[in-house]
$ cat entry-v4.txt   # compact mmCIF, C-alpha atoms
# COMPACT_ATOMS: atom_id res chain seq x y z
CA MET A 181 -122.31 78.72 95.30
CA SER A 182 -122.92 75.95 92.76
CA TYR A 183 -121.62 72.45 93.31
CA ALA A 184 -119.41 72.76 90.22
CA ARG A 185 -117.86 75.87 91.72
CA ILE A 186 -117.35 74.14 95.09
CA THR A 187 -115.65 71.25 93.31
CA ARG A 188 -113.36 73.55 91.35
CA GLU A 189 -112.47 75.54 94.45
CA GLY A 190 -111.62 72.43 96.45
CA LEU A 191 -109.63 70.60 93.81
CA TRP A 192 -107.69 73.46 92.27
CA ASP A 193 -108.51 77.16 92.70
CA ASN A 194 -108.54 77.10 96.48
CA ASN A 195 -106.57 73.88 97.07
CA VAL A 196 -105.76 73.40 100.75
CA VAL A 197 -102.03 73.04 100.18
CA PHE A 198 -101.31 74.83 96.92
CA ALA A 199 -103.59 77.86 97.38
CA GLN A 200 -104.65 78.21 101.02
CA MET A 201 -101.27 76.90 102.19
CA LEU A 202 -102.88 75.36 105.23
CA ALA A 203 -101.95 72.06 106.89
CA LEU A 204 -98.34 72.36 105.80
CA CYS A 205 -97.09 70.62 108.94
CA PRO A 206 -98.70 67.22 108.23
CA THR A 207 -98.06 67.80 104.53
CA LEU A 208 -94.32 68.06 105.00
CA ALA A 209 -94.22 65.36 107.66
CA VAL A 210 -95.97 62.45 105.95
CA THR A 211 -95.22 62.88 102.26
CA GLY A 212 -92.09 60.74 102.24
CA SER A 213 -93.93 58.36 99.93
CA ALA A 214 -96.99 58.47 97.70
CA THR A 215 -98.73 55.80 99.79
CA ASN A 216 -98.32 57.79 102.99
CA GLY A 217 -99.61 60.91 101.28
CA LEU A 218 -102.63 59.02 100.00
CA GLY A 219 -103.37 57.56 103.44
CA MET A 220 -103.19 60.91 105.19
CA GLY A 221 -105.33 62.50 102.46
CA LEU A 222 -108.07 59.89 102.68
CA ALA A 223 -108.19 59.97 106.48
CA THR A 224 -108.41 63.76 106.43
CA THR A 225 -111.14 63.70 103.79
CA ALA A 226 -113.30 61.45 105.95
CA VAL A 227 -112.91 63.67 109.01
CA LEU A 228 -113.42 66.83 106.95
CA VAL A 229 -116.76 65.64 105.52
CA ILE A 230 -118.11 64.64 108.94
CA SER A 231 -116.88 67.77 110.70
CA ASN A 232 -118.28 70.05 108.00
CA MET A 233 -121.69 68.36 108.22
CA LEU A 234 -121.72 68.55 112.01
CA ILE A 235 -120.69 72.20 112.18
CA SER A 236 -123.14 73.11 109.44
CA ALA A 237 -126.03 71.32 111.16
CA LEU A 238 -125.32 73.15 114.41
CA ARG A 239 -124.47 76.54 112.90
CA ARG A 240 -127.67 78.27 114.13
CA PHE A 241 -126.92 77.39 117.74
CA ILE A 242 -123.29 78.43 117.80
CA SER A 243 -122.64 82.03 118.85
CA ALA A 244 -120.07 83.86 116.77
CA ASP A 245 -118.12 84.90 119.88
CA VAL A 246 -117.42 81.40 121.16
CA ARG A 247 -117.41 79.54 117.84
CA ILE A 248 -113.67 78.73 117.78
CA PRO A 249 -113.54 76.76 121.06
CA VAL A 250 -116.74 74.95 120.09
CA TYR A 251 -115.31 73.95 116.70
CA VAL A 252 -112.02 72.87 118.24
CA VAL A 253 -113.75 70.68 120.82
CA PHE A 254 -116.01 69.11 118.18
CA ILE A 255 -113.19 68.40 115.75
CA ALA A 256 -110.89 66.97 118.43
CA THR A 257 -113.70 64.73 119.67
CA LEU A 258 -114.52 63.60 116.17
CA VAL A 259 -110.93 62.67 115.42
CA THR A 260 -110.62 60.80 118.71
CA LEU A 261 -113.83 58.89 117.97
CA VAL A 262 -112.55 57.91 114.53
CA ASP A 263 -109.25 56.89 116.10
CA MET A 264 -110.87 54.64 118.71
CA THR A 265 -113.35 53.14 116.26
CA LEU A 266 -110.68 52.21 113.73
CA ASN A 267 -108.40 50.85 116.44
CA ALA A 268 -111.15 48.63 117.80
CA TRP A 269 -112.84 47.28 114.70
CA VAL A 270 -110.51 47.77 111.73
CA HIS A 271 -107.29 47.16 113.57
CA ASP A 272 -105.20 46.24 110.51
CA LEU A 273 -106.12 49.47 108.76
CA TYR A 274 -105.48 51.33 111.99
CA LYS A 275 -101.94 50.01 112.14
CA VAL A 276 -101.30 51.73 108.80
CA LEU A 277 -103.38 54.88 109.29
CA GLY A 278 -103.00 55.32 113.05
CA LEU A 279 -100.05 57.64 112.68
CA PHE A 280 -102.01 59.97 110.41
CA ILE A 281 -105.19 60.11 112.46
CA ALA A 282 -103.45 61.68 115.43
CA LEU A 283 -101.98 64.28 113.06
CA ILE A 284 -105.44 65.28 111.80
CA VAL A 285 -106.21 66.94 115.14
CA VAL A 286 -103.58 69.56 114.42
CA ASN A 287 -104.76 69.98 110.85
CA CYS A 288 -105.88 73.59 110.60
CA ALA A 289 -107.48 72.94 107.22
CA ILE A 290 -110.40 71.32 109.02
CA LEU A 291 -110.93 74.28 111.35
CA GLY A 292 -110.48 76.54 108.33
CA ARG A 293 -113.32 74.87 106.40
CA ALA A 294 -115.57 74.91 109.48
CA GLU A 295 -114.95 78.63 109.86
CA SER A 296 -115.08 79.77 106.26
CA PHE A 297 -117.64 77.41 104.73
CA ALA A 298 -119.61 75.09 106.99
CA SER A 299 -120.62 77.83 109.43
CA LYS A 300 -122.31 79.76 106.62
CA ASN A 301 -123.83 77.04 104.44
CA ARG A 302 -126.39 74.27 104.52
CA VAL A 303 -125.45 70.69 105.33
CA LEU A 304 -125.30 69.22 101.83
CA PRO A 305 -123.09 71.92 100.27
CA SER A 306 -120.88 71.70 103.36
CA ALA A 307 -120.48 67.95 102.91
CA VAL A 308 -119.59 68.47 99.24
CA ASP A 309 -117.13 71.18 100.22
CA GLY A 310 -115.52 68.87 102.76
CA LEU A 311 -115.29 66.08 100.20
CA MET A 312 -113.77 68.28 97.50
CA MET A 313 -111.34 70.05 99.82
CA GLY A 314 -110.34 66.63 101.13
CA LEU A 315 -109.83 65.24 97.64
CA GLY A 316 -107.81 68.31 96.69
CA PHE A 317 -105.69 67.74 99.79
CA THR A 318 -105.32 64.05 98.91
CA PHE A 319 -104.27 64.97 95.38
CA ALA A 320 -101.68 67.43 96.69
CA LEU A 321 -100.24 65.01 99.24
CA THR A 322 -100.09 62.10 96.81
CA LEU A 323 -98.40 64.30 94.22
CA ILE A 324 -95.81 65.61 96.68
CA GLY A 325 -95.26 62.14 98.11
CA GLY A 326 -94.94 60.64 94.64
CA ILE A 327 -92.35 63.16 93.51
CA ARG A 328 -90.32 62.74 96.70
CA GLU A 329 -90.52 58.96 96.51
CA VAL A 330 -89.45 58.76 92.86
CA LEU A 331 -86.57 61.19 93.32
CA GLY A 332 -85.56 59.80 96.69
CA GLY A 333 -85.91 56.07 96.20
CA GLY A 334 -86.83 55.37 92.58
CA THR A 335 -90.13 53.71 93.51
CA LEU A 336 -93.78 54.77 93.40
CA PHE A 337 -96.58 53.68 95.75
CA SER A 338 -94.33 51.23 97.57
CA SER A 339 -96.21 49.19 100.20
CA ALA A 340 -99.56 50.36 98.82
CA HIS A 341 -100.99 46.92 99.58
CA LEU A 342 -100.68 47.64 103.30
CA LEU A 343 -102.95 50.64 102.93
CA LEU A 344 -105.42 49.61 100.23
CA GLY A 345 -105.34 45.83 100.41
CA PRO A 346 -103.55 43.20 98.31
CA SER A 347 -105.63 43.95 95.21
CA PHE A 348 -103.83 47.27 94.88
CA ALA A 349 -100.37 45.75 94.90
CA PHE A 350 -100.18 46.47 91.15
CA LEU A 351 -99.72 50.16 92.02
CA GLU A 352 -96.31 49.39 93.46
CA THR A 353 -93.78 50.12 90.78
CA THR A 354 -90.05 50.53 90.68
CA LEU A 355 -89.41 53.28 88.17
CA ILE A 356 -85.65 53.40 88.37
CA ALA A 357 -84.04 50.01 88.92
CA ASP A 358 -80.73 49.96 90.81
CA TYR A 359 -81.28 53.53 91.91
CA LYS A 360 -78.88 54.53 94.65
CA GLY A 361 -81.36 56.88 96.26
CA PHE A 362 -81.31 60.59 96.89
CA LEU A 363 -81.77 60.77 100.63
CA LEU A 364 -82.34 64.53 100.76
CA MET A 365 -85.70 64.13 99.01
CA ILE A 366 -87.04 61.77 101.67
CA LEU A 367 -85.72 63.82 104.58
CA PRO A 368 -87.60 67.01 105.61
CA PRO A 369 -85.68 69.41 103.31
CA GLY A 370 -87.00 67.44 100.34
CA GLY A 371 -90.53 68.22 101.49
CA PHE A 372 -89.82 71.95 101.55
CA LEU A 373 -88.14 71.81 98.14
CA VAL A 374 -90.94 69.88 96.44
CA VAL A 375 -93.71 72.00 98.00
CA GLY A 376 -91.86 75.16 96.97
CA PHE A 377 -91.38 74.08 93.37
CA LEU A 378 -94.98 72.88 93.08
CA LEU A 379 -96.31 76.17 94.49
CA ALA A 380 -94.25 78.06 91.95
CA ALA A 381 -95.42 75.76 89.16
CA LYS A 382 -99.08 76.29 90.07
CA ARG A 383 -98.60 80.07 90.04
CA VAL A 384 -97.00 79.95 86.61
CA LEU A 385 -99.71 77.64 85.29
CA ASP A 386 -102.51 79.81 86.67
CA ARG A 387 -100.96 82.93 85.18
CA ARG A 388 -100.59 81.28 81.77
CA LEU A 389 -104.21 80.13 81.90
CA ALA A 390 -105.39 83.60 82.89
CA ALA A 391 -103.36 85.19 80.10
CA ARG A 392 -104.79 82.77 77.55
CA ALA A 393 -108.34 83.40 78.81
CA ALA A 394 -107.77 87.13 78.42
CA LEU A 395 -106.44 86.75 74.87
CA VAL A 396 -109.29 84.68 73.54
CA PRO A 397 -112.26 86.88 72.63
CA VAL A 398 -115.44 85.78 74.30
CA PRO A 399 -117.11 83.15 72.15
CA ALA A 400 -116.87 80.61 74.93
CA GLN A 401 -120.08 81.79 76.57
CA GLY A 402 -121.83 78.88 78.16
CA ALA A 403 -119.41 76.39 76.69
CA MET B 222 -137.38 85.22 122.49
CA ASN B 223 -135.72 83.98 119.32
CA LEU B 224 -132.40 82.28 118.78
CA GLU B 225 -130.76 85.29 117.09
CA SER B 226 -131.02 87.58 120.10
CA LEU B 227 -130.31 84.76 122.51
CA ARG B 228 -127.01 83.96 120.80
CA ASP B 229 -125.47 87.26 121.90
CA LYS B 230 -126.23 86.74 125.59
CA LEU B 231 -123.30 85.87 127.81
CA GLY B 232 -125.29 83.24 129.65
CA TYR B 233 -126.24 81.49 126.41
CA GLN B 234 -122.61 81.39 125.31
CA GLY B 235 -121.47 79.97 128.63
CA ALA B 236 -124.21 77.37 128.47
CA LEU B 237 -123.27 76.56 124.86
CA LEU B 238 -119.68 75.88 125.84
CA ALA B 239 -120.80 73.81 128.80
CA VAL B 240 -123.19 71.76 126.66
CA ALA B 241 -120.54 71.26 123.97
CA ALA B 242 -118.02 70.08 126.58
CA LEU B 243 -120.60 67.81 128.22
CA VAL B 244 -121.81 66.25 124.98
CA THR B 245 -118.30 65.63 123.65
CA SER B 246 -116.97 64.16 126.89
CA ALA B 247 -120.03 61.94 127.17
CA ALA B 248 -119.48 60.76 123.59
CA LEU B 249 -115.80 60.06 124.30
CA ALA B 250 -116.56 58.22 127.53
CA LEU B 251 -119.17 56.04 125.83
CA ALA B 252 -116.92 55.33 122.86
CA SER B 253 -113.98 54.54 125.10
CA ARG B 254 -116.08 52.08 127.06
CA ALA B 255 -117.50 50.51 123.91
CA THR B 256 -114.16 50.10 122.17
CA ALA B 257 -111.88 49.19 125.11
CA PRO B 258 -112.43 45.40 125.02
CA ALA B 259 -112.03 45.26 121.23
CA ILE B 260 -108.85 47.36 121.38
CA ALA B 261 -107.38 45.23 124.16
CA ALA B 262 -108.20 42.08 122.18
CA ALA B 263 -106.65 43.51 119.02
CA GLU B 264 -103.49 44.50 120.86
CA ALA B 265 -103.22 41.09 122.50
CA ARG B 266 -103.59 39.56 119.03
CA ASP B 267 -100.80 41.82 117.74
CA LEU B 268 -98.56 40.76 120.60
CA GLN B 269 -99.42 37.11 119.98
CA GLN B 270 -98.53 37.52 116.31
CA SER B 271 -95.19 39.15 117.01
CA LEU B 272 -94.45 36.44 119.60
CA ALA B 273 -95.28 33.76 117.05
CA GLN B 274 -92.92 35.33 114.52
CA VAL B 275 -89.87 35.03 116.73
CA LEU B 276 -90.93 31.67 118.11
CA PRO B 277 -91.22 29.01 115.43
CA GLY B 278 -92.80 25.72 116.41
CA ARG B 279 -95.62 24.78 118.73
CA TYR B 280 -95.83 25.42 122.42
CA GLU B 281 -98.41 24.27 124.88
CA ASN B 282 -99.07 27.28 127.00
CA ASP B 283 -100.58 30.72 126.47
CA LEU B 284 -97.49 32.91 126.43
CA LEU B 285 -99.39 36.04 127.34
CA LYS B 286 -100.32 34.46 130.67
CA ASP B 287 -96.84 33.13 131.48
CA SER B 288 -94.63 36.14 131.83
CA LEU B 289 -92.31 37.57 134.43
CA LEU B 290 -90.41 40.79 134.95
CA ALA B 291 -86.63 40.76 135.00
CA PRO B 292 -84.07 43.57 135.29
CA GLY B 293 -82.99 44.04 131.67
CA PRO B 294 -80.40 46.21 129.92
CA GLU B 295 -82.59 49.24 130.60
CA GLY B 296 -85.27 48.90 133.23
CA GLU B 297 -87.62 46.02 133.72
CA VAL B 298 -88.26 43.69 130.81
CA THR B 299 -91.33 41.55 130.40
CA VAL B 300 -90.23 38.04 129.47
CA TYR B 301 -92.77 35.62 127.95
CA ARG B 302 -92.05 31.93 128.41
CA ALA B 303 -92.94 29.13 126.03
CA ARG B 304 -93.25 25.66 127.50
CA ARG B 305 -93.42 22.08 126.36
CA ALA B 306 -94.47 19.53 128.98
CA GLY B 307 -94.19 22.22 131.63
CA LYS B 308 -90.56 22.91 130.85
CA VAL B 309 -89.52 26.36 129.61
CA GLU B 310 -88.20 25.75 126.10
CA ALA B 311 -87.81 29.32 124.94
CA VAL B 312 -88.28 32.89 126.11
CA VAL B 313 -89.32 36.01 124.23
CA PHE B 314 -88.60 39.57 125.28
CA GLN B 315 -88.15 43.07 123.89
CA VAL B 316 -84.88 44.92 123.46
CA THR B 317 -84.35 48.50 122.39
CA GLY B 318 -81.66 49.97 120.18
CA TYR B 319 -80.97 53.60 119.41
CA GLY B 320 -80.78 54.18 115.67
CA TYR B 321 -80.48 57.13 113.36
CA ALA B 322 -83.95 58.43 114.19
CA GLY B 323 -84.69 57.30 117.72
CA ARG B 324 -85.67 54.08 119.37
CA ILE B 325 -85.77 50.77 117.52
CA VAL B 326 -87.89 48.31 119.46
CA CYS B 327 -87.18 44.67 118.67
CA MET B 328 -88.74 41.44 119.86
CA MET B 329 -86.42 38.47 120.13
CA GLY B 330 -86.91 34.79 120.87
CA VAL B 331 -84.16 32.75 122.52
CA ASP B 332 -84.19 29.00 123.21
CA ARG B 333 -82.95 27.27 126.40
CA SER B 334 -79.40 27.07 125.16
CA GLY B 335 -79.20 30.78 124.35
CA ARG B 336 -79.56 30.36 120.59
CA ILE B 337 -81.62 33.00 118.79
CA LEU B 338 -84.87 31.70 117.29
CA GLY B 339 -85.85 34.95 115.64
CA VAL B 340 -85.71 38.73 115.83
CA ARG B 341 -88.32 41.18 114.58
CA VAL B 342 -88.41 44.97 114.63
CA LEU B 343 -91.67 46.11 116.18
CA LYS B 344 -91.26 49.86 115.99
CA HIS B 345 -88.76 52.19 114.39
CA SER B 346 -88.58 55.52 112.59
CA GLU B 347 -85.49 54.95 110.46
CA THR B 348 -85.18 56.54 107.03
CA PRO B 349 -87.45 54.84 104.47
CA GLY B 350 -85.42 53.26 101.68
CA LEU B 351 -82.22 53.11 103.73
CA GLY B 352 -82.58 52.13 107.36
CA ASP B 353 -85.87 50.31 106.95
CA LYS B 354 -84.13 47.24 105.53
CA ILE B 355 -84.33 45.93 109.09
CA GLU B 356 -87.98 45.09 108.34
CA PRO B 357 -88.45 41.57 107.00
CA ALA B 358 -90.88 42.94 104.39
CA LYS B 359 -88.08 45.03 102.87
CA ALA B 360 -85.02 42.77 103.15
CA ASP B 361 -83.86 39.43 104.54
CA TRP B 362 -81.30 41.04 106.79
CA ILE B 363 -83.10 40.41 110.08
CA HIS B 364 -83.13 36.63 109.44
CA ARG B 365 -79.33 36.61 109.70
CA PHE B 366 -79.67 36.44 113.48
CA GLU B 367 -81.49 33.12 113.48
CA GLY B 368 -79.35 30.36 114.95
CA THR B 369 -76.64 32.66 116.25
CA PHE B 370 -75.62 32.76 119.91
CA LEU B 371 -72.83 34.35 121.93
CA GLY B 372 -70.05 32.00 120.87
CA ASP B 373 -71.03 31.72 117.21
CA PRO B 374 -70.13 34.45 116.41
CA PRO B 375 -67.96 35.11 119.49
CA PRO B 376 -68.93 38.18 121.53
CA GLU B 377 -66.26 40.42 119.99
CA LYS B 378 -67.48 39.50 116.49
CA PHE B 379 -71.12 40.13 117.36
CA ALA B 380 -71.12 43.45 115.49
CA VAL B 381 -71.55 44.86 111.99
CA LYS B 382 -68.72 44.24 109.50
CA LYS B 383 -67.57 47.83 109.69
CA ASP B 384 -66.84 47.29 113.38
CA GLY B 385 -64.99 44.04 112.72
CA GLY B 386 -68.01 41.80 113.19
CA VAL B 387 -69.93 39.37 111.02
CA PHE B 388 -73.22 41.17 110.30
CA ASP B 389 -73.72 43.13 107.09
CA GLN B 390 -74.44 46.83 107.22
CA PHE B 391 -76.50 48.53 104.51
CA ALA B 392 -75.03 50.71 101.78
CA GLY B 393 -75.38 54.23 103.10
CA ALA B 394 -76.72 53.20 106.49
CA THR B 395 -74.50 51.78 109.22
CA ILE B 396 -76.07 53.34 112.28
CA THR B 397 -79.36 51.45 111.98
CA PRO B 398 -77.99 47.88 111.69
CA ARG B 399 -75.34 48.68 114.28
CA ALA B 400 -78.09 49.70 116.71
CA VAL B 401 -80.06 46.51 116.07
CA VAL B 402 -77.00 44.26 116.41
CA LYS B 403 -76.03 46.00 119.64
CA ALA B 404 -79.56 45.63 121.03
CA VAL B 405 -79.68 41.93 120.13
CA LYS B 406 -76.27 41.35 121.70
CA GLY B 407 -77.49 43.13 124.82
CA GLY B 408 -80.50 40.82 124.80
CA LEU B 409 -78.30 37.73 124.65
CA GLU B 410 -76.14 39.02 127.48
CA PHE B 411 -79.29 39.68 129.48
CA PHE B 412 -80.42 36.10 128.81
CA GLY B 413 -77.03 34.76 129.93
CA ARG B 414 -77.16 36.78 133.13
CA GLU B 415 -80.74 35.92 134.08
CA LYS B 416 -80.84 32.45 132.56
CA SER B 417 -81.40 30.49 135.73
CA ARG B 418 -84.26 32.73 136.76
CA LEU B 419 -85.89 32.89 133.33
CA LEU B 420 -85.86 29.12 132.86
CA ASP B 421 -86.70 28.25 136.44
CA GLU B 422 -90.04 26.43 136.44
CA SER B 423 -90.56 26.76 140.17
CA GLY B 424 -90.78 30.54 139.86
CA SER B 425 -93.92 30.38 137.73
CA ARG B 426 -97.41 30.68 138.99
CA PRO B 427 -100.02 28.34 137.52
$ encode --input "entry-v4.txt" --output "structure tokens"
Amino acid sequence: MSYARITREGLWDNNVVFAQMLALCPTLAVTGSATNGLGMGLATTAVLVISNMLISALRRFISADVRIPVYVVFIATLVTLVDMTLNAWVHDLYKVLGLFIALIVVNCAILGRAESFASKNRVLPSAVDGLMMGLGFTFALTLIGGIREVLGGGTLFSSAHLLLGPSFAFLETTLIADYKGFLLMILPPGGFLVVGFLLAAKRVLDRRLAARAALVPVPAQGA
Amino acid sequence: MNLESLRDKLGYQGALLAVAALVTSAALALASRATAPAIAAAEARDLQQSLAQVLPGRYENDLLKDSLLAPGPEGEVTVYRARRAGKVEAVVFQVTGYGYAGRIVCMMGVDRSGRILGVRVLKHSETPGLGDKIEPAKADWIHRFEGTFLGDPPPEKFAVKKDGGVFDQFAGATITPRAVVKAVKGGLEFFGREKSRLLDESGSRP
């Protein structure tokens, strides 16, 4: 599989949330705001890249029959190591991301990539796959979080400076001043609603794109 | 004997699992040992910072080393004591309220006379955009407690306005501020009850 293909799969065609529909539990839980979605996405991306590389490097030694427990143990260890390291040496970042890191352990997207990609491919493509799947996940979470935050509270990227540092405070915008808030969007039902509408929107978009591709005769070779 | 045929053997698989478990636990044990001092230091720094927030002014002693346990509103409470010239000038302790979405842990500082120096929310899971106005980063509400004591406002007025008290509630969220006010009031009552013990210099160990 080419790197362009891997990128496309991770970001759109096979997006963790919108196509594979994996990791919906953390997705629904943390996307109350765009900043939280971004934080969870970035933390997951880091773990996904490392876990994919590790599993890929060890793939010749891992028997097919016992692969699942081995992957689970490796991923859980990896997440715990990241958790302890951040807590010890980047404590301020940990105070913001700590909540998300514990949630990564239960993120089946990571086990899913280990099983369906890293166990069959070389280290470099696996790392790229982890990165792209992670970025696709980040994109999905930030989008869901952004929509819920705007509808629920009228702001976007509030308290981004806590996550990314003071230089990113410009991201924090109030889109609707004096907005009374729409609590439902921030509470769990809002997560289900937004994910549902976005899934439907992606289906419609993909179908339109496919229909257009079928209509156009084939001069686009190699373009 | 090559790896492919070996991989299907039961013994190899058992050994693989054992090695994986051994390697990962060794890695965790090493990492835990390497990070423990740094984590303890970072947490002590956090505690120090939250103590400093509810305790304006300078004190002579290391608060973390001058603490005692007292029977609080619910279970034992660790009380940190701030001294000037050996005399306890203020105490800091945690109180817990029960809000809309679970526990709200607050840290409060009280001076000798029972007047509140400051209150900060350490941990909560209230609804973002509504209940989280108890954080000083989101609103000034929490500063309203500074300078109050049981007497100003009187105990029966130490409540949110909806309950006939003096503290504002938030539009659309009464449960959260009510929980914080109740917890702070409980903290003041605790201070009143245990005052002699908390301020007693003879009870401290050097």
$ interface_residues --input "entry-v4.txt" --of "chain A" --to "chain B" --cutoff "8 Å" --atoms "all atoms listed in the file" --output "list in words"
Gly212, Arg240, Phe241, Ile242, Ser243, Asp245, Val246, Pro249, Val250, Val253, Phe254, Thr257, Thr260, Leu261, Met264, Thr265, Asn267, Ala268, Trp269, His271, Gly333, Gly361, Ile366 and Leu367 of chain A
$ residues_around --input "entry-v4.txt" --residues "stretch 381-398 of chain A" --least-positions-apart "2" --cutoff "10 Å" --atoms "only C-alpha atoms" --output "list in words"
Trp192, Asp193, Phe198, Ala199, Val375, Gly376, Phe377, Leu378, Leu379, Ala400 and Gln401 of chain A
$ residues_near_point --input "entry-v4.txt" --point "(-70.3, 42.3, 116.7)" --cutoff "9 Å" --atoms "only C-alpha atoms" --output "list in words"
Pro374, Pro375, Pro376, Glu377, Lys378, Phe379, Ala380, Val381, Lys382, Asp384, Gly385, Gly386, Val387, Phe388, Arg399, Val402, Lys403 and Lys406 of chain B
$ write_last_selection --input "entry-v4.txt" --atoms "C-alpha atoms" --output "PDB file, in the coordinates of the input"
ATOM      1  CA  PRO B 374     -70.130  34.450 116.410  1.00  0.00           C
ATOM      2  CA  PRO B 375     -67.960  35.110 119.490  1.00  0.00           C
ATOM      3  CA  PRO B 376     -68.930  38.180 121.530  1.00  0.00           C
ATOM      4  CA  GLU B 377     -66.260  40.420 119.990  1.00  0.00           C
ATOM      5  CA  LYS B 378     -67.480  39.500 116.490  1.00  0.00           C
ATOM      6  CA  PHE B 379     -71.120  40.130 117.360  1.00  0.00           C
ATOM      7  CA  ALA B 380     -71.120  43.450 115.490  1.00  0.00           C
ATOM      8  CA  VAL B 381     -71.550  44.860 111.990  1.00  0.00           C
ATOM      9  CA  LYS B 382     -68.720  44.240 109.500  1.00  0.00           C
ATOM     10  CA  ASP B 384     -66.840  47.290 113.380  1.00  0.00           C
ATOM     11  CA  GLY B 385     -64.990  44.040 112.720  1.00  0.00           C
ATOM     12  CA  GLY B 386     -68.010  41.800 113.190  1.00  0.00           C
ATOM     13  CA  VAL B 387     -69.930  39.370 111.020  1.00  0.00           C
ATOM     14  CA  PHE B 388     -73.220  41.170 110.300  1.00  0.00           C
ATOM     15  CA  ARG B 399     -75.340  48.680 114.280  1.00  0.00           C
ATOM     16  CA  VAL B 402     -77.000  44.260 116.410  1.00  0.00           C
ATOM     17  CA  LYS B 403     -76.030  46.000 119.640  1.00  0.00           C
ATOM     18  CA  LYS B 406     -76.270  41.350 121.700  1.00  0.00           C
TER      19      LYS B 406
END
$ atom_distance --input "entry-v4.txt" --atom1 "atom CA of A:Leu304" --atom2 "atom CA of A:Met233"
7.4 Å
$ atom_distance --input "entry-v4.txt" --atom1 "atom CA of A:Leu291" --atom2 "atom CA of A:Leu266"
22.2 Å
$ residues_around --input "entry-v4.txt" --residues "stretch 350-358 of chain A" --least-positions-apart "6" --cutoff "6 Å" --atoms "only C-alpha atoms" --output "PyMOL selection string"
chain A and resi 334-338
$ atom_distance --input "entry-v4.txt" --atom1 "atom CA of B:Lys383" --atom2 "atom CA of B:Ser346"
22.6 Å
$ closest_residue --input "entry-v4.txt" --among "B:Arg341, B:Pro292, B:Gly232, B:Leu272" --to "B:Glu367" --atoms "all atoms listed in the file"
B:Arg341
$ residues_near_point --input "entry-v4.txt" --point "(-87.5, 49.3, 124.0)" --cutoff "10 Å" --atoms "all atoms listed in the file" --output "list in words"
Pro294, Glu295, Gly296, Val298, Phe314, Gln315, Val316, Thr317, Gly318, Tyr319, Arg324, Ile325, Val326, Cys327, Met328, Leu343, Lys344 and Ala404 of chain B
$ build_atoms --input "entry-v4.txt" --residues "stretch 333-344 of chain B" --atoms "N, CA and C atoms" --output "compact mmCIF listing (two decimals), in the coordinates of the input"
# COMPACT_ATOMS: atom_id res chain seq x y z
N ARG B 333 -83.61 27.59 125.11
CA ARG B 333 -82.95 27.27 126.40
C ARG B 333 -81.45 27.44 126.37
N SER B 334 -80.85 27.07 125.22
CA SER B 334 -79.40 27.07 125.16
C SER B 334 -78.82 28.45 124.85
N GLY B 335 -79.70 29.43 124.63
CA GLY B 335 -79.20 30.78 124.35
C GLY B 335 -79.07 31.06 122.87
N ARG B 336 -79.62 30.18 122.03
CA ARG B 336 -79.56 30.36 120.59
C ARG B 336 -80.76 31.20 120.14
N ILE B 337 -80.54 32.12 119.22
CA ILE B 337 -81.62 33.00 118.79
C ILE B 337 -82.57 32.27 117.84
N LEU B 338 -83.87 32.32 118.15
CA LEU B 338 -84.87 31.70 117.29
C LEU B 338 -85.35 32.68 116.23
N GLY B 339 -85.41 33.95 116.61
CA GLY B 339 -85.85 34.95 115.64
C GLY B 339 -85.81 36.34 116.25
N VAL B 340 -85.68 37.33 115.39
CA VAL B 340 -85.71 38.73 115.83
C VAL B 340 -86.63 39.48 114.88
N ARG B 341 -87.47 40.34 115.42
CA ARG B 341 -88.32 41.18 114.58
C ARG B 341 -88.29 42.61 115.12
N VAL B 342 -88.32 43.57 114.21
CA VAL B 342 -88.41 44.97 114.63
C VAL B 342 -89.87 45.33 114.77
N LEU B 343 -90.27 45.77 115.95
CA LEU B 343 -91.67 46.11 116.18
C LEU B 343 -91.95 47.57 115.83
N LYS B 344 -91.00 48.43 116.14
CA LYS B 344 -91.26 49.86 115.99
C LYS B 344 -89.96 50.57 115.68
